>>> print(open('run-v2.csv').read())   # CSV, C-alpha atoms and all ligand atoms
chain,number,residue,atom,x,y,z
A,18,MET,CA,106.0,345.7,32.7
A,19,THR,CA,109.0,347.6,34.1
A,20,GLY,CA,109.9,349.0,37.5
A,21,ARG,CA,107.6,346.8,39.5
A,22,GLY,CA,109.0,343.9,41.4
A,23,THR,CA,107.5,341.0,43.2
A,24,VAL,CA,105.6,342.1,46.3
A,25,ALA,CA,105.7,340.0,49.4
A,26,PRO,CA,105.4,340.7,53.1
A,27,PRO,CA,108.5,342.2,54.8
A,28,ALA,CA,110.8,340.1,57.1
A,29,GLY,CA,109.1,339.5,60.4
A,30,VAL,CA,105.6,339.4,58.9
A,31,GLU,CA,106.3,336.7,56.4
A,32,SER,CA,105.5,333.2,57.3
A,33,LEU,CA,104.9,330.0,55.4
A,34,VAL,CA,101.3,331.2,55.1
A,35,SER,CA,101.8,334.2,52.9
A,36,TYR,CA,101.1,335.9,49.6
A,37,GLN,CA,103.1,336.9,46.6
A,38,LEU,CA,102.3,339.3,43.8
A,39,LEU,CA,103.8,338.5,40.4
A,40,PRO,CA,103.5,341.6,38.2
A,41,GLY,CA,102.8,341.1,34.6
A,42,TRP,CA,102.3,337.3,34.9
A,43,ARG,CA,100.1,337.2,31.9
A,44,GLU,CA,100.9,339.1,28.7
A,45,ARG,CA,98.4,341.6,27.5
A,46,ASP,CA,96.1,339.8,25.1
A,47,ALA,CA,92.9,340.5,23.3
A,48,VAL,CA,91.2,337.2,24.1
A,49,LEU,CA,90.6,336.5,27.8
A,50,LEU,CA,88.9,339.7,28.9
A,51,PRO,CA,86.5,340.0,25.9
A,52,ALA,CA,85.7,336.3,26.3
A,53,LEU,CA,84.9,336.8,30.0
A,54,ARG,CA,82.7,339.8,29.2
A,55,THR,CA,80.3,337.7,27.2
A,56,LEU,CA,79.5,335.6,30.4
A,57,TYR,CA,77.8,338.2,32.6
A,58,SER,CA,75.9,341.5,32.7
A,59,TYR,CA,75.3,344.0,35.4
A,60,THR,CA,71.8,344.2,36.8
A,61,GLU,CA,69.6,346.8,38.3
A,62,ARG,CA,70.2,345.0,41.7
A,63,GLN,CA,73.9,344.8,41.2
A,64,PRO,CA,74.8,347.6,38.8
A,65,ASP,CA,78.5,347.5,39.3
A,66,ARG,CA,79.4,343.9,40.5
A,67,ALA,CA,79.0,340.5,38.9
A,68,THR,CA,80.4,337.1,39.9
A,69,GLY,CA,80.1,333.5,38.8
A,70,TRP,CA,81.7,330.1,38.6
A,71,LEU,CA,83.7,329.2,35.5
A,72,TYR,CA,85.1,325.7,36.1
A,73,SER,CA,85.1,322.9,38.6
A,74,ALA,CA,87.0,319.8,38.2
A,75,GLY,CA,84.8,317.9,40.6
A,76,GLN,CA,82.2,318.2,43.3
A,77,PHE,CA,83.4,320.5,46.0
A,78,GLY,CA,80.8,321.1,48.7
A,79,GLN,CA,77.7,322.5,47.0
A,80,LEU,CA,79.7,323.2,43.8
A,81,PRO,CA,79.1,320.5,41.1
A,82,PRO,CA,81.6,319.6,38.4
A,83,MET,CA,81.4,322.2,35.7
A,84,ALA,CA,83.1,322.4,32.2
A,85,TRP,CA,84.7,325.6,31.1
A,86,PRO,CA,82.2,327.8,29.2
A,87,GLU,CA,82.6,327.5,25.4
A,88,VAL,CA,84.4,330.9,25.2
A,89,LEU,CA,87.1,329.7,27.6
A,90,ALA,CA,87.3,326.1,26.4
A,91,GLY,CA,90.4,327.0,24.4
A,92,SER,CA,92.3,329.1,27.0
A,93,GLY,CA,91.1,327.8,30.3
A,94,PRO,CA,93.0,324.5,30.6
A,95,GLY,CA,96.2,326.1,29.4
A,96,LEU,CA,95.8,328.8,32.2
A,97,LEU,CA,95.6,326.0,34.8
A,98,ASP,CA,98.8,324.4,33.4
A,99,GLN,CA,100.6,327.8,33.4
A,100,LEU,CA,99.5,328.4,37.0
A,101,GLU,CA,100.7,325.0,38.1
A,102,ALA,CA,104.0,325.7,36.5
A,103,THR,CA,104.3,329.0,38.4
A,104,THR,CA,102.9,328.0,41.8
A,105,GLY,CA,103.3,324.2,42.0
A,106,ILE,CA,99.6,324.1,42.7
A,107,ARG,CA,96.8,322.5,40.5
A,108,PHE,CA,93.8,324.7,40.9
A,109,PRO,CA,90.5,322.7,40.4
A,110,VAL,CA,88.0,325.5,40.8
A,111,VAL,CA,87.8,328.9,39.0
A,112,CYS,CA,85.4,331.8,39.4
A,113,PHE,CA,85.3,335.4,38.3
A,114,GLN,CA,84.6,338.7,40.0
A,115,ALA,CA,83.8,341.8,38.0
A,116,TYR,CA,83.9,345.4,39.3
A,117,LEU,CA,82.7,348.5,37.5
A,118,ASN,CA,83.8,352.0,38.1
A,119,GLY,CA,85.6,351.5,41.4
A,120,ALA,CA,83.1,349.1,43.1
A,121,GLY,CA,84.8,346.9,45.7
A,122,VAL,CA,84.5,344.1,48.1
A,123,ASP,CA,84.9,344.6,51.8
A,124,TRP,CA,87.4,342.8,54.2
A,125,HIS,CA,86.7,339.1,54.3
A,126,TYR,CA,88.4,335.7,54.2
A,127,ASP,CA,87.4,332.6,52.2
A,128,ARG,CA,87.8,329.7,54.6
A,129,GLU,CA,85.8,327.3,52.5
A,130,TRP,CA,88.8,327.4,50.1
A,131,ASN,CA,92.5,326.9,50.7
A,132,ALA,CA,95.1,328.3,48.2
A,133,GLN,CA,93.8,331.1,46.0
A,134,ALA,CA,95.4,332.8,43.0
A,135,ILE,CA,93.9,336.0,41.5
A,136,LEU,CA,94.6,337.0,38.0
A,137,SER,CA,93.7,340.7,37.6
A,138,LEU,CA,92.4,341.9,34.2
A,139,GLY,CA,91.3,345.4,33.1
A,140,VAL,CA,91.8,348.6,35.0
A,141,THR,CA,94.3,348.9,37.8
A,142,ARG,CA,92.8,348.5,41.2
A,143,THR,CA,94.0,348.5,44.8
A,144,PHE,CA,94.0,345.2,46.6
A,145,ALA,CA,94.6,345.0,50.3
A,146,VAL,CA,95.6,342.2,52.7
A,147,ARG,CA,95.5,342.5,56.5
A,148,ARG,CA,96.8,340.1,59.1
A,149,LEU,CA,94.0,338.9,61.3
A,150,ASP,CA,96.2,339.3,64.4
A,151,GLY,CA,95.6,343.0,63.9
A,152,GLY,CA,99.1,344.0,62.8
A,153,TYR,CA,100.3,344.3,59.3
A,154,VAL,CA,98.3,345.8,56.3
A,155,GLU,CA,99.6,345.9,52.7
A,156,GLU,CA,97.9,347.7,49.9
A,157,MET,CA,99.1,346.9,46.4
A,158,GLN,CA,98.1,348.0,42.9
A,159,LEU,CA,97.0,345.2,40.7
A,160,GLU,CA,97.5,346.0,37.0
A,161,HIS,CA,96.2,344.0,34.1
A,162,GLY,CA,97.9,340.7,34.0
A,163,ASP,CA,99.2,340.7,37.6
A,164,LEU,CA,98.9,337.5,39.5
A,165,LEU,CA,98.4,337.4,43.3
A,166,VAL,CA,99.0,334.1,44.9
A,167,MET,CA,97.7,333.4,48.4
A,168,SER,CA,99.3,330.2,49.8
A,169,PRO,CA,97.5,327.3,51.5
A,170,GLY,CA,96.4,328.5,55.0
A,171,PHE,CA,96.3,332.2,54.0
A,172,GLN,CA,92.6,332.5,54.7
A,173,HIS,CA,93.2,331.6,58.4
A,174,VAL,CA,95.9,334.2,59.0
A,175,TRP,CA,94.9,337.0,56.6
A,176,GLU,CA,91.8,338.7,55.3
A,177,HIS,CA,91.6,340.6,52.0
A,178,SER,CA,89.6,343.3,50.3
A,179,VAL,CA,89.3,345.3,47.1
A,180,PRO,CA,88.6,348.8,48.5
A,181,ALA,CA,85.9,350.9,46.8
A,182,GLU,CA,87.7,353.8,45.1
A,183,ASN,CA,87.5,356.3,42.3
A,184,ALA,CA,88.6,354.0,39.4
A,185,PRO,CA,86.6,354.5,36.2
A,186,GLY,CA,86.4,351.4,34.0
A,187,GLU,CA,86.1,347.7,34.6
A,188,ARG,CA,88.3,345.2,36.4
A,189,VAL,CA,87.6,341.4,36.2
A,190,SER,CA,89.5,339.0,38.3
A,191,LEU,CA,89.9,335.3,37.6
A,192,VAL,CA,90.0,333.6,41.0
A,193,PHE,CA,91.6,330.1,41.1
A,194,ARG,CA,90.9,328.0,44.2
A,195,THR,CA,91.8,324.8,45.9
A,196,PRO,CA,89.3,323.2,48.3
A,197,GLN,CA,90.0,322.9,52.0
A,198,LEU,CA,91.2,319.4,53.0
A,199,THR,CA,88.7,317.4,54.8
A,200,GLU,CA,89.4,314.6,57.2
A,201,GLY,CA,88.6,312.1,54.5
A,202,ASP,CA,91.5,313.5,52.4
A,203,LEU,CA,94.1,312.9,55.2
A,301,LIG,O1,88.6,340.3,42.8
A,301,LIG,C1,89.5,340.1,43.6
A,301,LIG,O2,90.6,340.3,43.4
A,301,LIG,C2,89.1,339.6,45.0
A,301,LIG,C3,88.2,338.4,44.9
A,301,LIG,C4,87.8,338.0,46.3
A,301,LIG,O3,87.9,338.7,47.2
A,301,LIG,C5,87.3,336.6,46.4
A,301,LIG,O4,87.0,336.0,45.4
A,301,LIG,O5,87.0,336.2,47.6
>>> encode(input="run-v2.csv", output="structure tokens", more="lines below")
Ligand SMILES: O=C(O)CCC(=O)C(=O)O
Amino acid sequence: MTGRGTVAPPAGVESLVSYQLLPGWRERDAVLLPALRTLYSYTERQPDRATGWLYSAGQFGQLPPMAWPEVLAGSGPGLLDQLEATTGIRFPVVCFQAYLNGAGVDWHYDREWNAQAILSLGVTRTFAVRRLDGGYVEEMQLEHGDLLVMSPGFQHVWEHSVPAENAPGERVSLVFRTPQLTEGDL
């Protein structure tokens, strides 16, 4: 991966609640994406989008504890260790999002979760973040292996989207999440 540096908000927009793109965080490999592809299929109702839970270290709201699927039992735990080494955050919940031929997801935030890290696999897609105070918008290109980290609190200050666009092929994101703290945690 050359010529692409870390992307983060410019001075003035940056705050403790922010995001960081780490290009080429995961080396190209022939394991993760083919393994993920065995876990879902597109349907007549959803011909270009698929999503599902992959792992949960405990009960989080309605989400019960869940072991890694067999195909990720070898690589999943190591991914969590690598993510923790990079971000300092242990992510206890993982899901995936699959997008075919430029399908996207509209602007939204995920306030039931706190920190999120997104590992992008497959074709390059635009990813956008927008400050909820109506100001700053950033669009970045997520290539295979890029990691986007949204810090704790991000979902209260920013929203994000994967704009629908002309992008033949498939992108799958692995989304790592930490739960919101509840009063009982404090
Ligand atoms: O696939 C992505 O990169 C975005 C995923 C997303 O928006 C979400 O999980 O809330």
>>> atom_distance(input="run-v2.csv", atom1="CA of Ala115 (chain A)", atom2="atom C4 of ligand LIG 301 (chain A)")
10.0 Å
>>> atom_distance(input="run-v2.csv", atom1="CA of Ala84 (chain A)", atom2="CA of Val192 (chain A)")
15.8 Å
>>> closest_residue(input="run-v2.csv", among="A:Val179, A:Ala67, A:Leu138, A:Met157", to="ligand LIG 301 (chain A)", atoms="all atoms listed in the file")
A:Val179
>>> atom_distance(input="run-v2.csv", atom1="CA of Gly93 (chain A)", atom2="CA of Phe171 (chain A)")
24.7 Å
>>> residues_near_ligand(input="run-v2.csv", ligand="ligand LIG 301 (chain A)", cutoff="10 Å", atoms="all atoms listed in the file", output="ChimeraX atom specification")
/A:68-69,111-116,121-128,130,133-138,142-145,159,164-165,172,176-180,188-194
>>> residues_around(input="run-v2.csv", residues="Leu49 (chain A)", least_positions_apart="4", cutoff="9 Å", atoms="only C-alpha atoms", output="ChimeraX atom specification")
/A:53-54,88-89,92,138
>>> closest_residue(input="run-v2.csv", among="A:Val174, A:Val154, A:Ala52, A:Leu97", to="Pro109 (chain A)", atoms="all atoms listed in the file")
A:Leu97
>>> closest_residue(input="run-v2.csv", among="A:Leu80, A:Trp42, A:Val140, A:Leu56", to="Ala102 (chain A)", atoms="only C-alpha atoms")
A:Trp42
>>> closest_residue(input="run-v2.csv", among="A:Pro82, A:Tyr36, A:Ile106, A:Ala74", to="Pro94 (chain A)", atoms="all atoms listed in the file")
A:Ala74
>>> closest_residue(input="run-v2.csv", among="A:Gly139, A:Gly162, A:Gly119, A:Pro86", to="Asn183 (chain A)", atoms="all atoms listed in the file")
A:Gly119
>>> closest_residue(input="run-v2.csv", among="A:Phe77, A:His161, A:Glu44, A:Met83", to="Glu129 (chain A)", atoms="all atoms listed in the file")
A:Phe77
>>> residues_around(input="run-v2.csv", residues="Ala120 (chain A)", least_positions_apart="5", cutoff="8 Å", atoms="all atoms listed in the file", output="list in words")
Asp65, Arg66, Pro180, Ala181 and Glu182 of chain A
>>> build_atoms(input="run-v2.csv", residues="region 61-82 of chain A", atoms="N, CA and C atoms", output="mmCIF file, keeping the file's coordinate frame")
data_model
loop_
_atom_site.group_PDB
_atom_site.id
_atom_site.type_symbol
_atom_site.label_atom_id
_atom_site.label_comp_id
_atom_site.auth_asym_id
_atom_site.auth_seq_id
_atom_site.Cartn_x
_atom_site.Cartn_y
_atom_site.Cartn_z
ATOM 1 N N GLU A 61 70.079 345.635 37.573
ATOM 2 C CA GLU A 61 69.600 346.800 38.300
ATOM 3 C C GLU A 61 69.931 346.569 39.829
ATOM 4 N N ARG A 62 69.842 345.314 40.272
ATOM 5 C CA ARG A 62 70.200 345.000 41.700
ATOM 6 C C ARG A 62 71.638 345.129 41.954
ATOM 7 N N GLN A 63 72.442 344.730 40.999
ATOM 8 C CA GLN A 63 73.900 344.800 41.200
ATOM 9 C C GLN A 63 74.490 345.528 39.942
ATOM 10 N N PRO A 64 74.411 346.855 39.956
ATOM 11 C CA PRO A 64 74.800 347.600 38.800
ATOM 12 C C PRO A 64 76.298 347.687 38.521
ATOM 13 N N ASP A 65 77.094 347.321 39.522
ATOM 14 C CA ASP A 65 78.500 347.500 39.300
ATOM 15 C C ASP A 65 79.345 346.274 39.827
ATOM 16 N N ARG A 66 78.655 345.138 40.110
ATOM 17 C CA ARG A 66 79.400 343.900 40.500
ATOM 18 C C ARG A 66 78.715 342.712 39.856
ATOM 19 N N ALA A 67 79.545 341.788 39.429
ATOM 20 C CA ALA A 67 79.000 340.500 38.900
ATOM 21 C C ALA A 67 80.032 339.437 39.299
ATOM 22 N N THR A 68 79.530 338.243 39.490
ATOM 23 C CA THR A 68 80.400 337.100 39.900
ATOM 24 C C THR A 68 79.790 335.819 39.412
ATOM 25 N N GLY A 69 80.596 334.819 39.208
ATOM 26 C CA GLY A 69 80.100 333.500 38.800
ATOM 27 C C GLY A 69 81.146 332.467 38.749
ATOM 28 N N TRP A 70 80.713 331.209 38.742
ATOM 29 C CA TRP A 70 81.700 330.100 38.600
ATOM 30 C C TRP A 70 81.989 329.866 37.160
ATOM 31 N N LEU A 71 83.231 329.464 36.891
ATOM 32 C CA LEU A 71 83.700 329.200 35.500
ATOM 33 C C LEU A 71 84.013 327.744 35.275
ATOM 34 N N TYR A 72 84.550 327.108 36.295
ATOM 35 C CA TYR A 72 85.100 325.700 36.100
ATOM 36 C C TYR A 72 85.171 325.040 37.431
ATOM 37 N N SER A 73 84.833 323.758 37.428
ATOM 38 C CA SER A 73 85.100 322.900 38.600
ATOM 39 C C SER A 73 85.418 321.532 38.167
ATOM 40 N N ALA A 74 86.553 321.078 38.599
ATOM 41 C CA ALA A 74 87.000 319.800 38.200
ATOM 42 C C ALA A 74 86.313 318.621 38.886
ATOM 43 N N GLY A 75 85.503 318.923 39.891
ATOM 44 C CA GLY A 75 84.800 317.900 40.600
ATOM 45 C C GLY A 75 83.709 318.481 41.477
ATOM 46 N N GLN A 76 83.156 317.663 42.372
ATOM 47 C CA GLN A 76 82.200 318.200 43.300
ATOM 48 C C GLN A 76 82.912 318.679 44.546
ATOM 49 N N PHE A 77 82.735 319.951 44.850
ATOM 50 C CA PHE A 77 83.400 320.500 46.000
ATOM 51 C C PHE A 77 82.306 321.193 46.868
ATOM 52 N N GLY A 78 81.901 320.558 47.950
ATOM 53 C CA GLY A 78 80.800 321.100 48.700
ATOM 54 C C GLY A 78 79.538 321.116 47.857
ATOM 55 N N GLN A 79 78.922 322.298 47.790
ATOM 56 C CA GLN A 79 77.700 322.500 47.000
ATOM 57 C C GLN A 79 78.037 322.668 45.493
ATOM 58 N N LEU A 80 79.314 322.885 45.197
ATOM 59 C CA LEU A 80 79.700 323.200 43.800
ATOM 60 C C LEU A 80 79.842 321.939 42.979
ATOM 61 N N PRO A 81 79.012 321.764 41.951
ATOM 62 C CA PRO A 81 79.100 320.500 41.100
ATOM 63 C C PRO A 81 80.214 320.628 40.116
ATOM 64 N N PRO A 82 80.603 319.500 39.517
ATOM 65 C CA PRO A 82 81.600 319.600 38.400
ATOM 66 C C PRO A 82 81.009 320.455 37.308
#
